[in-house]
>>> print(open('protein.pdb').read())   # PDB, C-alpha atoms
MODEL        1
ATOM      1  CA  ALA D   7     -69.059 -70.745 111.017
ATOM      2  CA  ARG D   8     -70.324 -67.957 113.211
ATOM      3  CA  ALA D   9     -73.263 -68.997 115.377
ATOM      4  CA  GLY D  10     -76.584 -67.336 114.704
ATOM      5  CA  PRO D  11     -78.271 -64.978 117.138
ATOM      6  CA  GLN D  12     -79.294 -66.582 120.413
ATOM      7  CA  LEU D  13     -82.936 -66.547 121.443
ATOM      8  CA  PRO D  14     -83.736 -65.167 124.898
ATOM      9  CA  GLN D  15     -83.998 -67.836 127.555
ATOM     10  CA  THR D  16     -86.886 -68.442 129.969
ATOM     11  CA  GLY D  17     -87.329 -70.781 132.874
ATOM     12  CA  GLY D  18     -89.253 -73.200 130.650
ATOM     13  CA  VAL D  19     -86.564 -73.539 127.958
ATOM     14  CA  ARG D  20     -84.541 -76.751 127.937
ATOM     15  CA  ARG D  21     -81.231 -77.180 126.151
ATOM     16  CA  SER D  22     -79.434 -80.161 124.674
ATOM     17  CA  CYS D  23     -75.871 -81.159 125.527
ATOM     18  CA  SER D  24     -74.671 -79.090 122.571
ATOM     19  CA  GLY D  25     -76.482 -76.032 123.870
ATOM     20  CA  ALA D  26     -79.163 -75.998 121.172
ATOM     21  CA  SER D  27     -82.592 -74.896 122.298
ATOM     22  CA  LEU D  28     -85.085 -77.747 122.641
ATOM     23  CA  ALA D  29     -88.159 -75.655 123.418
ATOM     24  CA  ALA D  30     -89.274 -72.353 122.042
ATOM     25  CA  PRO D  31     -89.124 -69.477 124.555
ATOM     26  CA  VAL D  32     -92.859 -69.152 124.551
ATOM     27  CA  GLY D  33     -92.925 -67.650 128.042
ATOM     28  CA  ALA D  34     -91.214 -64.482 126.819
ATOM     29  CA  ALA D  35     -93.318 -64.201 123.681
ATOM     30  CA  ALA D  36     -96.687 -64.940 125.262
ATOM     31  CA  SER D  37     -97.991 -61.794 126.862
ATOM     32  CA  GLY D  38    -100.416 -61.987 129.735
ATOM     33  CA  MET D  39    -103.312 -60.968 127.494
ATOM     34  CA  PHE D  40    -102.423 -63.534 124.832
ATOM     35  CA  ARG D  41    -102.148 -66.312 127.424
ATOM     36  CA  PHE D  42    -105.448 -65.282 128.979
ATOM     37  CA  ALA D  43    -107.243 -65.225 125.623
ATOM     38  CA  LEU D  44    -105.836 -68.530 124.386
ATOM     39  CA  SER D  45    -106.454 -70.343 127.678
ATOM     40  CA  TRP D  46    -110.091 -69.279 127.750
ATOM     41  CA  ALA D  47    -110.433 -70.117 124.071
ATOM     42  CA  ILE D  48    -109.320 -73.660 124.949
ATOM     43  CA  PHE D  49    -111.896 -73.633 127.775
ATOM     44  CA  ALA D  50    -114.618 -72.645 125.280
ATOM     45  CA  VAL D  51    -113.570 -75.222 122.673
ATOM     46  CA  GLN D  52    -113.675 -78.018 125.258
ATOM     47  CA  LEU D  53    -117.063 -76.872 126.540
ATOM     48  CA  CYS D  54    -118.678 -76.420 123.129
ATOM     49  CA  GLY D  55    -117.184 -79.633 121.763
ATOM     50  CA  TYR D  56    -118.593 -81.619 124.667
ATOM     51  CA  PHE D  57    -122.098 -80.231 124.239
ATOM     52  CA  ALA D  58    -121.968 -80.591 120.453
ATOM     53  CA  LEU D  59    -120.898 -84.250 120.512
ATOM     54  CA  ASN D  60    -123.373 -85.319 123.191
ATOM     55  CA  GLY D  61    -126.163 -83.310 121.614
ATOM     56  CA  SER D  62    -125.483 -84.827 118.199
ATOM     57  CA  ILE D  63    -125.601 -88.362 119.612
ATOM     58  CA  ALA D  64    -128.850 -87.619 121.441
ATOM     59  CA  ALA D  65    -130.425 -86.219 118.279
ATOM     60  CA  LEU D  66    -129.092 -88.962 116.001
ATOM     61  CA  PHE D  67    -129.982 -91.977 118.120
ATOM     62  CA  TYR D  68    -132.529 -91.010 120.757
ATOM     63  CA  SER D  69    -134.843 -88.566 119.011
ATOM     64  CA  GLY D  70    -138.074 -90.435 118.323
ATOM     65  CA  ALA D  71    -136.668 -93.735 119.604
ATOM     66  CA  THR D  72    -138.438 -96.168 121.885
ATOM     67  CA  PRO D  73    -137.094 -99.239 123.703
ATOM     68  CA  GLU D  74    -138.737-101.378 121.002
ATOM     69  CA  THR D  75    -136.970 -99.626 118.111
ATOM     70  CA  ALA D  76    -133.534 -99.144 119.652
ATOM     71  CA  GLU D  77    -131.678-102.115 118.187
ATOM     72  CA  TRP D  78    -128.584 -99.909 118.121
ATOM     73  CA  LYS D  79    -128.515 -99.704 121.919
ATOM     74  CA  CYS D  80    -125.896-101.534 123.985
ATOM     75  CA  GLN D  81    -128.665-102.681 126.316
ATOM     76  CA  PRO D  82    -131.773-102.614 124.077
ATOM     77  CA  ALA D  83    -134.165-103.632 126.831
ATOM     78  CA  VAL D  84    -133.154-100.652 128.967
ATOM     79  CA  GLY D  85    -134.656 -97.423 127.677
ATOM     80  CA  ARG D  86    -135.052 -95.426 130.855
ATOM     81  CA  SER D  87    -134.343 -92.049 129.259
ATOM     82  CA  PHE D  88    -136.345 -92.121 126.053
ATOM     83  CA  PRO D  89    -138.369 -88.893 126.089
ATOM     84  CA  ALA D  90    -142.113 -89.145 126.616
ATOM     85  CA  LYS D  91    -142.652 -86.738 123.706
ATOM     86  CA  ALA D  92    -139.639 -87.495 121.569
ATOM     87  CA  GLY D  93    -138.918 -85.134 118.733
ATOM     88  CA  THR D  94    -140.430 -81.948 120.173
ATOM     89  CA  ALA D  95    -138.227 -78.894 120.606
ATOM     90  CA  TRP D  96    -138.724 -78.825 124.378
ATOM     91  CA  GLU D  97    -137.800 -82.473 124.812
ATOM     92  CA  ALA D  98    -134.670 -82.033 122.713
ATOM     93  CA  ALA D  99    -133.598 -79.001 124.763
ATOM     94  CA  LEU D 100    -134.038 -80.868 128.041
ATOM     95  CA  TRP D 101    -131.258 -83.290 127.128
ATOM     96  CA  TRP D 102    -128.829 -80.444 127.826
ATOM     97  CA  PRO D 103    -127.784 -80.210 131.503
ATOM     98  CA  PRO D 104    -128.142 -76.391 131.728
ATOM     99  CA  ALA D 105    -131.720 -76.550 130.401
ATOM    100  CA  GLU D 106    -132.558 -79.547 132.583
ATOM    101  CA  ALA D 107    -131.152 -77.875 135.705
ATOM    102  CA  LEU D 108    -133.041 -74.655 134.986
ATOM    103  CA  ALA D 109    -136.320 -76.477 134.359
ATOM    104  CA  LYS D 110    -136.024 -78.503 137.567
ATOM    105  CA  ALA D 111    -135.247 -75.372 139.590
ATOM    106  CA  LEU D 112    -138.007 -73.140 138.195
ATOM    107  CA  TRP D 113    -140.753 -75.558 137.120
ATOM    108  CA  PRO D 114    -140.221 -78.817 139.085
ATOM    109  CA  GLU D 115    -143.662 -80.288 138.360
ATOM    110  CA  TRP D 116    -143.406 -79.611 134.626
ATOM    111  CA  ALA D 117    -139.826 -80.911 134.574
ATOM    112  CA  ALA D 118    -140.873 -84.123 136.308
ATOM    113  CA  GLN D 119    -143.195 -84.864 133.380
ATOM    114  CA  HIS D 120    -140.892 -83.853 130.550
ATOM    115  CA  CYS D 121    -137.280 -84.491 131.615
ATOM    116  CA  ARG D 122    -135.613 -87.821 130.989
ATOM    117  CA  ARG D 123    -136.834 -90.541 133.294
ATOM    118  CA  GLY D 124    -134.582 -92.433 135.685
ATOM    119  CA  ARG D 125    -132.035 -89.639 136.030
ATOM    120  CA  HIS D 126    -130.185 -89.015 139.275
ATOM    121  CA  PRO D 127    -131.734 -85.881 140.841
ATOM    122  CA  ASP D 128    -128.331 -84.170 140.998
ATOM    123  CA  ALA D 129    -127.240 -85.215 137.494
ATOM    124  CA  PRO D 130    -127.597 -81.778 135.829
ATOM    125  CA  ALA D 131    -125.751 -79.916 138.607
ATOM    126  CA  LEU D 132    -122.950 -82.497 138.767
ATOM    127  CA  ALA D 133    -122.602 -82.508 134.983
ATOM    128  CA  LEU D 134    -122.153 -78.737 134.930
ATOM    129  CA  LEU D 135    -119.748 -78.755 137.894
ATOM    130  CA  ASN D 136    -117.538 -81.501 136.482
ATOM    131  CA  LEU D 137    -117.647 -80.026 133.008
ATOM    132  CA  ALA D 138    -116.452 -76.707 134.433
ATOM    133  CA  GLN D 139    -113.639 -78.571 136.234
ATOM    134  CA  ILE D 140    -112.350 -80.375 133.154
ATOM    135  CA  CYS D 141    -112.503 -77.179 131.072
ATOM    136  CA  LEU D 142    -110.537 -75.332 133.774
ATOM    137  CA  PHE D 143    -107.941 -78.123 133.683
ATOM    138  CA  ALA D 144    -107.677 -77.571 129.921
ATOM    139  CA  ALA D 145    -107.233 -73.808 130.345
ATOM    140  CA  ALA D 146    -104.667 -74.252 133.132
ATOM    141  CA  THR D 147    -102.661 -76.759 131.083
ATOM    142  CA  CYS D 148    -102.626 -74.333 128.146
ATOM    143  CA  ASP D 149    -101.401 -71.525 130.384
ATOM    144  CA  ALA D 150     -98.695 -73.720 131.919
ATOM    145  CA  ALA D 151     -97.474 -74.702 128.447
ATOM    146  CA  LEU D 152     -97.325 -71.080 127.305
ATOM    147  CA  LEU D 153     -95.298 -70.190 130.406
ATOM    148  CA  GLY D 154     -92.859 -73.007 129.666
ATOM    149  CA  HIS D 155     -93.839 -75.032 132.744
ATOM    150  CA  THR D 156     -94.360 -78.228 130.764
ATOM    151  CA  PRO D 157     -91.873 -80.237 128.673
ATOM    152  CA  MET D 158     -94.108 -79.963 125.604
ATOM    153  CA  LEU D 159     -92.487 -78.651 122.419
ATOM    154  CA  MET D 160     -94.029 -75.858 120.394
ATOM    155  CA  ALA D 161     -92.061 -75.896 117.115
ATOM    156  CA  TRP D 162     -92.287 -78.830 114.714
ATOM    157  CA  GLY D 163     -88.557 -78.753 114.024
ATOM    158  CA  GLN D 164     -87.936 -79.634 117.663
ATOM    159  CA  GLU D 165     -89.412 -83.033 116.918
ATOM    160  CA  GLY D 166     -87.007 -83.413 114.019
ATOM    161  CA  GLY D 167     -89.964 -83.535 111.650
ATOM    162  CA  SER D 168     -90.325 -87.237 112.452
ATOM    163  CA  TRP D 169     -93.778 -88.738 112.172
ATOM    164  CA  ALA D 170     -92.397 -91.834 113.909
ATOM    165  CA  ALA D 171     -91.547 -89.715 116.952
ATOM    166  CA  TRP D 172     -94.986 -88.074 116.760
ATOM    167  CA  GLY D 173     -96.711 -91.459 116.763
ATOM    168  CA  GLY D 174     -94.412 -92.805 119.461
ATOM    169  CA  TRP D 175     -95.221 -90.001 121.906
ATOM    170  CA  LEU D 176     -98.923 -90.358 121.148
ATOM    171  CA  ALA D 177     -98.711 -94.069 121.930
ATOM    172  CA  ALA D 178     -96.767 -93.317 125.122
ATOM    173  CA  ALA D 179     -99.361 -90.803 126.344
ATOM    174  CA  TYR D 180    -102.200 -93.168 125.437
ATOM    175  CA  ALA D 181    -100.582 -96.136 127.206
ATOM    176  CA  TRP D 182     -99.748 -94.087 130.311
ATOM    177  CA  GLU D 183    -103.336 -92.845 130.639
ATOM    178  CA  ASN D 184    -104.744 -96.345 130.169
ATOM    179  CA  VAL D 185    -102.556 -97.859 132.878
ATOM    180  CA  ALA D 186    -102.946 -94.988 135.373
ATOM    181  CA  GLU D 187    -106.706 -94.801 134.817
ATOM    182  CA  TRP D 188    -107.082 -98.577 135.271
ATOM    183  CA  VAL D 189    -105.278 -98.416 138.630
ATOM    184  CA  TRP D 190    -107.292 -95.360 139.721
ATOM    185  CA  HIS D 191    -110.542 -97.022 138.672
ATOM    186  CA  ARG D 192    -109.720-100.210 140.556
ATOM    187  CA  VAL D 193    -108.998 -98.134 143.655
ATOM    188  CA  MET D 194    -112.392 -96.441 143.249
ATOM    189  CA  HIS D 195    -113.972 -99.891 143.461
ATOM    190  CA  PHE D 196    -112.500-100.627 146.878
ATOM    191  CA  PRO D 197    -115.568-101.135 149.120
ATOM    192  CA  TRP D 198    -115.396 -97.902 151.163
ATOM    193  CA  LEU D 199    -114.573 -95.702 148.176
ATOM    194  CA  TYR D 200    -117.224 -97.359 146.066
ATOM    195  CA  ARG D 201    -119.939 -96.850 148.698
ATOM    196  CA  ASN D 202    -119.014 -93.247 149.452
ATOM    197  CA  VAL D 203    -117.680 -91.928 146.147
ATOM    198  CA  HIS D 204    -117.772 -94.051 143.007
ATOM    199  CA  HIS D 205    -121.284 -95.478 143.406
ATOM    200  CA  LEU D 206    -122.603 -92.171 142.094
ATOM    201  CA  HIS D 207    -121.174 -92.885 138.645
ATOM    202  CA  HIS D 208    -122.795 -96.334 138.698
ATOM    203  CA  PHE D 209    -126.251 -94.921 139.344
ATOM    204  CA  ASN D 210    -126.828 -95.445 135.627
ATOM    205  CA  LYS D 211    -126.631 -99.128 134.733
ATOM    206  CA  SER D 212    -127.209 -98.214 131.101
ATOM    207  CA  PRO D 213    -125.447 -94.869 130.463
ATOM    208  CA  GLU D 214    -126.712 -92.411 127.880
ATOM    209  CA  PRO D 215    -125.558 -88.979 126.576
ATOM    210  CA  PHE D 216    -124.238 -86.596 129.266
ATOM    211  CA  ASP D 217    -124.054 -89.450 131.834
ATOM    212  CA  ASP D 218    -120.244 -89.472 131.737
ATOM    213  CA  MET D 219    -120.243 -86.352 133.928
ATOM    214  CA  LEU D 220    -122.350 -87.986 136.650
ATOM    215  CA  ILE D 221    -119.345 -88.453 138.901
ATOM    216  CA  HIS D 222    -118.300 -87.370 142.394
ATOM    217  CA  PRO D 223    -116.336 -84.099 142.078
ATOM    218  CA  VAL D 224    -113.429 -85.452 144.151
ATOM    219  CA  GLU D 225    -113.136 -88.517 141.933
ATOM    220  CA  ALA D 226    -113.385 -86.267 138.885
ATOM    221  CA  VAL D 227    -110.376 -84.200 140.009
ATOM    222  CA  GLY D 228    -108.319 -87.369 140.445
ATOM    223  CA  TYR D 229    -109.164 -88.565 136.959
ATOM    224  CA  TYR D 230    -108.542 -85.169 135.366
ATOM    225  CA  ILE D 231    -105.059 -85.103 136.914
ATOM    226  CA  ILE D 232    -104.366 -88.428 135.202
ATOM    227  CA  LEU D 233    -105.954 -87.258 131.947
ATOM    228  CA  TYR D 234    -103.821 -84.108 131.670
ATOM    229  CA  SER D 235    -100.645 -85.560 133.198
ATOM    230  CA  PRO D 236     -98.989 -86.465 129.840
ATOM    231  CA  ALA D 237     -98.603 -82.732 129.159
ATOM    232  CA  PHE D 238     -96.338 -82.523 132.226
ATOM    233  CA  LEU D 239     -94.549 -85.853 131.783
ATOM    234  CA  PHE D 240     -93.568 -86.259 128.129
ATOM    235  CA  PRO D 241     -91.509 -83.939 125.847
ATOM    236  CA  MET D 242     -93.976 -84.340 123.005
ATOM    237  CA  HIS D 243     -95.025 -81.822 120.407
ATOM    238  CA  VAL D 244     -98.135 -79.862 121.390
ATOM    239  CA  SER D 245    -100.007 -81.340 118.403
ATOM    240  CA  VAL D 246     -99.455 -84.811 119.876
ATOM    241  CA  PHE D 247    -101.119 -83.722 123.101
ATOM    242  CA  LEU D 248    -104.045 -82.194 121.199
ATOM    243  CA  ALA D 249    -104.522 -85.448 119.258
ATOM    244  CA  TYR D 250    -104.334 -87.436 122.502
ATOM    245  CA  MET D 251    -106.954 -85.198 124.148
ATOM    246  CA  ALA D 252    -109.236 -85.484 121.109
ATOM    247  CA  ILE D 253    -109.077 -89.281 121.318
ATOM    248  CA  MET D 254    -109.768 -89.277 125.061
ATOM    249  CA  GLY D 255    -112.554 -86.732 124.820
ATOM    250  CA  VAL D 256    -114.417 -88.447 121.992
ATOM    251  CA  THR D 257    -114.101 -91.969 123.421
ATOM    252  CA  GLY D 258    -115.113 -90.734 126.883
ATOM    253  CA  VAL D 259    -118.387 -89.440 125.451
ATOM    254  CA  LEU D 260    -118.944 -92.468 123.212
ATOM    255  CA  ASP D 261    -118.350 -94.913 126.072
ATOM    256  CA  HIS D 262    -121.355 -93.415 127.881
ATOM    257  CA  CYS D 263    -123.663 -92.796 124.909
ATOM    258  CA  GLY D 264    -125.445 -96.157 125.087
ATOM    259  CA  ALA D 265    -125.118 -96.828 121.348
ATOM    260  CA  VAL D 266    -123.102 -99.680 119.832
ATOM    261  CA  LEU D 267    -120.124 -98.021 118.125
ATOM    262  CA  GLY D 268    -116.553 -99.127 117.595
ATOM    263  CA  LEU D 269    -113.680-100.293 115.418
ATOM    264  CA  PRO D 270    -113.336-103.576 113.483
ATOM    265  CA  LEU D 271    -112.644-106.693 115.584
ATOM    266  CA  SER D 272    -113.848-104.733 118.647
ATOM    267  CA  LEU D 273    -110.412-103.153 119.072
ATOM    268  CA  TYR D 274    -112.493-100.312 120.474
ATOM    269  CA  ASP D 275    -116.131-100.935 121.333
ATOM    270  CA  THR D 276    -118.553 -98.847 123.381
ATOM    271  CA  ARG D 277    -120.008-102.078 124.748
ATOM    272  CA  HIS D 278    -116.812-102.643 126.738
ATOM    273  CA  HIS D 279    -117.489 -99.785 129.153
ATOM    274  CA  ASP D 280    -121.225-100.382 128.958
ATOM    275  CA  HIS D 281    -120.531-103.873 130.360
ATOM    276  CA  HIS D 282    -118.734-102.184 133.247
ATOM    277  CA  HIS D 283    -121.848-100.205 134.157
ATOM    278  CA  GLU D 284    -124.037-103.261 133.727
ATOM    279  CA  LEU D 285    -121.854-105.789 135.590
ATOM    280  CA  VAL D 286    -119.804-103.389 137.820
ATOM    281  CA  ASP D 287    -116.700-105.529 138.409
ATOM    282  CA  VAL D 288    -115.321-105.921 134.867
ATOM    283  CA  ASN D 289    -113.714-103.694 132.191
ATOM    284  CA  PHE D 290    -112.024-101.056 134.334
ATOM    285  CA  GLY D 291    -109.786 -99.773 131.527
ATOM    286  CA  PHE D 292    -110.462 -96.752 129.339
ATOM    287  CA  PRO D 293    -110.538 -96.520 126.397
ATOM    288  CA  SER D 294    -108.485 -99.601 125.512
ATOM    289  CA  ALA D 295    -109.373-103.100 126.659
ATOM    290  CA  ALA D 296    -105.733-104.239 126.564
ATOM    291  CA  ILE D 297    -104.931-103.883 130.260
ATOM    292  CA  ASP D 298    -108.164-105.615 131.271
ATOM    293  CA  VAL D 299    -107.319-108.497 128.945
ATOM    294  CA  LEU D 300    -103.829-108.740 130.500
ATOM    295  CA  CYS D 301    -105.157-108.579 134.071
ATOM    296  CA  GLY D 302    -108.102-110.946 133.642
ATOM    297  CA  THR D 303    -110.770-108.297 134.226
ATOM    298  CA  PHE D 304    -112.035-108.075 130.643
ATOM    299  CA  HIS D 305    -115.519-109.242 129.721
ATOM    300  CA  GLY D 306    -116.786-109.174 126.140
ATOM    301  CA  GLU D 307    -115.355-109.421 122.630
ATOM    302  CA  CYS D 308    -111.920-108.162 121.613
ATOM    303  CA  CYS D 309    -109.831-108.940 118.530
ATOM    304  CA  GLY D 310    -112.492-111.387 117.362
ATOM    305  CA  ARG D 311    -112.392-113.409 120.605
ATOM    306  CA  ARG D 312    -115.036-113.789 123.284
ATOM    307  CA  ILE D 313    -113.414-113.400 126.719
ATOM    308  CA  LEU D 314    -115.167-113.902 130.060
ATOM    309  CA  ALA D 315    -113.695-112.146 133.091
ATOM    310  CA  LYS D 316    -113.151-113.674 136.490
ATOM    311  CA  ARG D 317    -116.045-111.998 138.293
ATOM    312  CA  HIS D 318    -115.907-110.556 141.817
ATOM    313  CA  VAL D 319    -112.276-109.551 141.577
ATOM    314  CA  TYR D 320    -111.956-108.288 145.177
TER     315      TYR D 320
ENDMDL
END
>>> encode(input="protein.pdb", output="structure tokens")
Amino acid sequence: ARAGPQLPQTGGVRRSCSGASLAAPVGAAASGMFRFALSWAIFAVQLCGYFALNGSIAALFYSGATPETAEWKCQPAVGRSFPAKAGTAWEAALWWPPAEALAKALWPEWAAQHCRRGRHPDAPALALLNLAQICLFAAATCDAALLGHTPMLMAWGQEGGSWAAWGGWLAAAYAWENVAEWVWHRVMHFPWLYRNVHHLHHFNKSPEPFDDMLIHPVEAVGYYIILYSPAFLFPMHVSVFLAYMAIMGVTGVLDHCGAVLGLPLSLYDTRHHDHHHELVDVNFGFPSAAIDVLCGTFHGECCGRRILAKRHVY
């Protein structure tokens, strides 16, 4: 049979041994304007999603709460950030880093009375800086994919329509991130790096909404490289990567929300990472506890079992 028309090739197109195209020639089809628009749309989605999720948690759990009524909290006795005038429009707005930063810059005395107590003085600025970084990583990854500079596949047929393959690549990306992040996190706890870099993230012993972005910008870049690396390592369908990023984004926020949330049998539990902030030298993995269980650094409940870590692991 006569072969069908050949699609134009780009630098990002890979071919099988038989010569069949394995990746759509998106570089040729994606004009500069289209790439620009889509990349910045991804930037906006990441930004708005982050604010929406954190804001929803703050409104759902913290509005009107006091340390005495917060049974839902991972560390109920620690209520450093409960607003002095919970429930008012101004107090609700000041949970948002842009509003908090603006208030502290323009009306420092008023902000000192109304902003959340116990916050690191640079928390709003660092939250905005690191949020801009992670959104730029998202936009850059989108642009690289459209140019064909990643092994990601754009057409469902390239995956053979196999849900098993879809789930397998998702599991591979998830496992890779968990292992790489655990190693990176352990390195951040080496004495010099902890004193000069990572201690900033541990300023909050009981994290609450928006505290996940209280992190040294250099450390943040290292983690974001790990977070987005599956897009450049695995020939997975783009929908797999989007699902992976959704899981990582949501669990990253939940792990620092301060509320007890999770899956049955504590397969995922926000208290796992909360224990890390409370005790410092346990539960380095994110978001799964599996590697900590294997390496003896897990502390808490998992799969219905209570496990105590070997403390002081260095």
>>> resolve_selection(input="protein.pdb", expression="the PyMOL selection byres ((chain D and resi 192-200) around 12)", output="number ranges by chain")
D: 185-191, 201-209, 221-222, 224-226, 228-229, 282, 286-292, 297-298, 301, 303, 318-320
>>> write_last_selection(input="protein.pdb", atoms="C-alpha atoms", output="mmCIF file, in the frame of the given file")
data_model
loop_
_atom_site.group_PDB
_atom_site.id
_atom_site.type_symbol
_atom_site.label_atom_id
_atom_site.label_comp_id
_atom_site.auth_asym_id
_atom_site.auth_seq_id
_atom_site.Cartn_x
_atom_site.Cartn_y
_atom_site.Cartn_z
ATOM 1 C CA VAL D 185 -102.556 -97.859 132.878
ATOM 2 C CA ALA D 186 -102.946 -94.988 135.373
ATOM 3 C CA GLU D 187 -106.706 -94.801 134.817
ATOM 4 C CA TRP D 188 -107.082 -98.577 135.271
ATOM 5 C CA VAL D 189 -105.278 -98.416 138.630
ATOM 6 C CA TRP D 190 -107.292 -95.360 139.721
ATOM 7 C CA HIS D 191 -110.542 -97.022 138.672
ATOM 8 C CA ARG D 201 -119.939 -96.850 148.698
ATOM 9 C CA ASN D 202 -119.014 -93.247 149.452
ATOM 10 C CA VAL D 203 -117.680 -91.928 146.147
ATOM 11 C CA HIS D 204 -117.772 -94.051 143.007
ATOM 12 C CA HIS D 205 -121.284 -95.478 143.406
ATOM 13 C CA LEU D 206 -122.603 -92.171 142.094
ATOM 14 C CA HIS D 207 -121.174 -92.885 138.645
ATOM 15 C CA HIS D 208 -122.795 -96.334 138.698
ATOM 16 C CA PHE D 209 -126.251 -94.921 139.344
ATOM 17 C CA ILE D 221 -119.345 -88.453 138.901
ATOM 18 C CA HIS D 222 -118.300 -87.370 142.394
ATOM 19 C CA VAL D 224 -113.429 -85.452 144.151
ATOM 20 C CA GLU D 225 -113.136 -88.517 141.933
ATOM 21 C CA ALA D 226 -113.385 -86.267 138.885
ATOM 22 C CA GLY D 228 -108.319 -87.369 140.445
ATOM 23 C CA TYR D 229 -109.164 -88.565 136.959
ATOM 24 C CA HIS D 282 -118.734 -102.184 133.247
ATOM 25 C CA VAL D 286 -119.804 -103.389 137.820
ATOM 26 C CA ASP D 287 -116.700 -105.529 138.409
ATOM 27 C CA VAL D 288 -115.321 -105.921 134.867
ATOM 28 C CA ASN D 289 -113.714 -103.694 132.191
ATOM 29 C CA PHE D 290 -112.024 -101.056 134.334
ATOM 30 C CA GLY D 291 -109.786 -99.773 131.527
ATOM 31 C CA PHE D 292 -110.462 -96.752 129.339
ATOM 32 C CA ILE D 297 -104.931 -103.883 130.260
ATOM 33 C CA ASP D 298 -108.164 -105.615 131.271
ATOM 34 C CA CYS D 301 -105.157 -108.579 134.071
ATOM 35 C CA THR D 303 -110.770 -108.297 134.226
ATOM 36 C CA HIS D 318 -115.907 -110.556 141.817
ATOM 37 C CA VAL D 319 -112.276 -109.551 141.577
ATOM 38 C CA TYR D 320 -111.956 -108.288 145.177
#
>>> residues_around(input="protein.pdb", residues="D:Ile63", least_positions_apart="5", cutoff="9 Å", atoms="only C-alpha atoms", output="ChimeraX atom specification")
/D:58,68,215,260,263,265
>>> resolve_selection(input="protein.pdb", expression="the PyMOL selection byres ((chain D and resi 241) around 12)", output="count of residues only")
35
>>> resolve_selection(input="protein.pdb", expression="the PyMOL selection byres ((chain D and resi 280) around 9)", output="PDB file with C-alpha atoms, keeping the file's coordinate frame")
ATOM      1  CA  CYS D  80    -125.896-101.534 123.985  1.00  0.00           C
ATOM      2  CA  GLN D  81    -128.665-102.681 126.316  1.00  0.00           C
ATOM      3  CA  LYS D 211    -126.631 -99.128 134.733  1.00  0.00           C
ATOM      4  CA  SER D 212    -127.209 -98.214 131.101  1.00  0.00           C
ATOM      5  CA  PRO D 213    -125.447 -94.869 130.463  1.00  0.00           C
ATOM      6  CA  ASP D 261    -118.350 -94.913 126.072  1.00  0.00           C
ATOM      7  CA  HIS D 262    -121.355 -93.415 127.881  1.00  0.00           C
ATOM      8  CA  CYS D 263    -123.663 -92.796 124.909  1.00  0.00           C
ATOM      9  CA  GLY D 264    -125.445 -96.157 125.087  1.00  0.00           C
ATOM     10  CA  THR D 276    -118.553 -98.847 123.381  1.00  0.00           C
ATOM     11  CA  ARG D 277    -120.008-102.078 124.748  1.00  0.00           C
ATOM     12  CA  HIS D 278    -116.812-102.643 126.738  1.00  0.00           C
ATOM     13  CA  HIS D 279    -117.489 -99.785 129.153  1.00  0.00           C
ATOM     14  CA  HIS D 281    -120.531-103.873 130.360  1.00  0.00           C
ATOM     15  CA  HIS D 282    -118.734-102.184 133.247  1.00  0.00           C
ATOM     16  CA  HIS D 283    -121.848-100.205 134.157  1.00  0.00           C
ATOM     17  CA  GLU D 284    -124.037-103.261 133.727  1.00  0.00           C
ATOM     18  CA  LEU D 285    -121.854-105.789 135.590  1.00  0.00           C
ATOM     19  CA  ASN D 289    -113.714-103.694 132.191  1.00  0.00           C
TER      20      ASN D 289
END
>>> atom_distance(input="protein.pdb", atom1="atom CA of D:Val299", atom2="atom CA of D:Tyr180")
16.5 Å
>>> atom_distance(input="protein.pdb", atom1="atom CA of D:Leu271", atom2="atom CA of D:Gly310")
5.0 Å
>>> closest_residue(input="protein.pdb", among="D:Pro270, D:Gly255, D:Pro82, D:Pro293", to="D:Ile140", atoms="only C-alpha atoms")
D:Gly255
>>> atom_distance(input="protein.pdb", atom1="atom CA of D:Ile48", atom2="atom CA of D:Glu214")
25.7 Å
>>> closest_residue(input="protein.pdb", among="D:Gln52, D:Gly173, D:Pro127, D:Gly61", to="D:Met254", atoms="all atoms listed in the file")
D:Gln52
>>> closest_residue(input="protein.pdb", among="D:Trp113, D:Phe304, D:Phe42, D:Trp78", to="D:Ala150", atoms="all atoms listed in the file")
D:Phe42
>>> closest_residue(input="protein.pdb", among="D:Ser62, D:Val227, D:Ile313, D:Trp46", to="D:Leu300", atoms="all atoms listed in the file")
D:Ile313
>>> closest_residue(input="protein.pdb", among="D:Met219, D:Leu267, D:Leu152, D:Leu233", to="D:Leu132", atoms="only C-alpha atoms")
D:Met219
>>> closest_residue(input="protein.pdb", among="D:Ala107, D:Leu66, D:Ala50, D:Leu153", to="D:Leu134", atoms="all atoms listed in the file")
D:Ala107
